[in-house]
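A.B. asks: The structure is given below, and queries will be raised subsequently.
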Amino acid sequence: MERAVLLLSLLSLGVSSQPITDGQRLFSIAVSRVQHLHLLAQRLFSDFESSLQTEEQRQLNKIFLQDFCNSDYIISPIDKHETQRSSVLKLLSISYRLVESWEFPSRSLSGGSAPRNQISPKLSELKTGILLLIKASEDGAELFPDSSALQLPPYGNYYQSLSADESLRRTYELLACFKKDMHKVETYLTVAKCRLSPEANCTL
């Protein structure tokens with residue numbers, strides 16, 4: 001009797017569920033990885049803010065609102081409507097460039113704790129996964145003919161010796177921008193993944 005119930009359960013599962021394609025599996029892994037990075041970025045930024053004095057927070061937040069992230073040079077959708085209208089390949093290529101833009105700056109975020117030391121290797125894994133998705137798409141090979149892609153220069157003061165105040169500002173800026181960019185990548189990859197399921201509602 002138990003074997004019959006098990007067999008019926010398996011048959012029911014096979015009828016009701018759609019087979020998972022390699023593309024869907026790759027997308028699921030990429031989304032999972034960027035979600036981990038986004039949560040890590042939120043945690044690191046929150047911990048850093050908590051270590052600041054109230055006036056320091058106010059001044060740094062004021063400065064950051066007037067400043068730009070290094071990755072702002074990467075053209076990306078300006079709102080959720082443009083994101084939803086963008087092609088899967090466009091969302092993937094923007095995500096790739098955003099992740100790649102952190103290849104150098106992420107090094108200064110590493111060290112001091114286990115979570116911080118996860119950043120660079122996790123970014124590298126995510127970058128590789130997105131590149132696989134791009135190359136698997138119809139025009140991906142033309143977009144990235146080889147594994148190398150354009151890299152943005154590191155932040156202007158990355159290699160400079162900084163005063164205590166400048167170092168505090170740079171750390172705040174890096175963490176805030178990292179959180180912002182990982183949120184973008186998570187959004188773009190989630191929408192792109194959703195496109196693989198025609199019946200799914202991909203509304204942001």
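By convention in this document, the chains of the structure tokens carry letters A, B, ... by their order, each chain's residues are numbered from 1, and ligands are numbered from 1 in the order they are shown.
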Compile the contact shell of Leu123 of chain A as a PyMOL selection string: residues with an atom at most 12 Å away, counting only C-alpha atoms, same-chain residues fewer than 2 positions apart removed.

C.D. replies: chain A and resi 30+33-38+40-41+95-107+110+116-121+125-130+178+181-182+185

A.B. asks: Would you output that residue set with C-alpha atoms, as a JSON list (two decimals), in the first residue's frame?

C.D. replies:
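The result, written out as result02.json:
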```json
[["chain", "number", "residue", "atom", "x", "y", "z"],
["A", 30, "ALA", "CA", 23.14, 33.43, -9.67],
["A", 33, "ARG", "CA", 24.53, 34.28, -4.81],
["A", 34, "VAL", "CA", 23.59, 37.92, -5.32],
["A", 35, "GLN", "CA", 20.95, 37.70, -2.59],
["A", 36, "HIS", "CA", 23.67, 36.50, -0.24],
["A", 37, "LEU", "CA", 25.93, 39.38, -1.27],
["A", 38, "HIS", "CA", 23.13, 41.94, -0.91],
["A", 40, "LEU", "CA", 25.99, 40.78, 3.46],
["A", 41, "ALA", "CA", 26.28, 44.35, 2.13],
["A", 95, "SER", "CA", 24.66, 43.04, -13.95],
["A", 96, "TYR", "CA", 28.00, 41.71, -15.20],
["A", 97, "ARG", "CA", 29.51, 45.19, -15.44],
["A", 98, "LEU", "CA", 28.20, 46.17, -12.01],
["A", 99, "VAL", "CA", 29.73, 43.08, -10.42],
["A", 100, "GLU", "CA", 32.98, 43.58, -12.32],
["A", 101, "SER", "CA", 33.20, 47.22, -11.19],
["A", 102, "TRP", "CA", 33.72, 45.89, -7.63],
["A", 103, "GLU", "CA", 36.68, 43.69, -8.49],
["A", 104, "PHE", "CA", 39.20, 46.27, -7.18],
["A", 105, "PRO", "CA", 37.20, 48.18, -4.52],
["A", 106, "SER", "CA", 36.06, 44.94, -2.85],
["A", 107, "ARG", "CA", 39.63, 44.29, -1.79],
["A", 110, "SER", "CA", 37.95, 42.49, 2.92],
["A", 116, "ARG", "CA", 34.14, 40.61, 4.83],
["A", 117, "ASN", "CA", 36.54, 37.96, 3.54],
["A", 118, "GLN", "CA", 33.67, 36.34, 1.63],
["A", 119, "ILE", "CA", 33.09, 39.40, -0.58],
["A", 120, "SER", "CA", 35.81, 39.02, -3.22],
["A", 121, "PRO", "CA", 35.42, 35.25, -3.81],
["A", 125, "GLU", "CA", 31.72, 33.32, -8.47],
["A", 126, "LEU", "CA", 28.78, 35.57, -9.35],
["A", 127, "LYS", "CA", 30.70, 37.19, -12.21],
["A", 128, "THR", "CA", 31.54, 33.77, -13.67],
["A", 129, "GLY", "CA", 27.92, 32.64, -13.38],
["A", 130, "ILE", "CA", 26.56, 35.75, -15.11],
["A", 178, "PHE", "CA", 28.27, 48.22, -2.57],
["A", 181, "ASP", "CA", 24.86, 48.00, -6.54],
["A", 182, "MET", "CA", 24.10, 44.56, -5.10],
["A", 185, "VAL", "CA", 22.06, 43.30, -9.56]]
```

A.B. asks: May I ask which of the residues A:Ala176, A:Ile94, A:Leu89, A:Leu52 is the closest one to Pro77 of chain A, counting only C-alpha atoms?

C.D. replies: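 The shortest atom-to-atom distance to Pro77 of chain A comes from A:Ile94.
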
A.B. asks: Work out how far atom CA of Leu175 of chain A is from atom CA of Phe45 of chain A, in Å to one decimal.

C.D. replies: 5.5 Å

A.B. asks: Tell me which protein, DNA and RNA residues are within 8 Å of Gln84 of chain A, counting only C-alpha atoms, leaving out same-chain ones fewer than 4 positions away, and put them as a PyMOL selection string.

C.D. replies: chain A and resi 80+191+202-204

A.B. asks: As a PyMOL selection string, please: every residue in segment 48-127 of chain A that DSSP puts in helix (DSSP H, G or I).

C.D. replies: chain A and resi 48-50+54-66+70-73+80-85+88-100+106-109+114-117+119-127

A.B. asks: Could you work out how far atom CA of Ser93 of chain A lies from atom CA of Leu196 of chain A, giving the answer in Å with one decimal?

C.D. replies: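 For atom CA of Leu196 of chain A relative to atom CA of Ser93 of chain A, the distance reads 16.8 Å.
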
A.B. asks: Can you pull out the residues contacting Phe48 of chain A? Cut-off 10 Å, using only C-alpha atoms, and skip same-chain residues under 3 positions away; I want them as number ranges by chain.

C.D. replies: A: 42-45, 51-52, 57, 168, 171-172, 175

A.B. asks: To one decimal in Å, tell me the separation between atom CA of Arg169 of chain A and atom CA of Leu60 of chain A.

C.D. replies: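 Between atom CA of Arg169 of chain A and atom CA of Leu60 of chain A the gap is 6.5 Å.
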
A.B. asks: Taking only C-alpha atoms into account, which of A:Glu56, A:Ser113, A:Lys184, A:Ser197 comes nearest Asp79 of chain A?

C.D. replies: A:Lys184

A.B. asks: Just want the 8 Å neighbourhood of Leu92 of chain A, counted on only C-alpha atoms, with same-chain residues fewer than 4 positions away dropped. Output as number ranges by chain.

C.D. replies: A: 88, 96, 130, 133-134, 188-189, 192
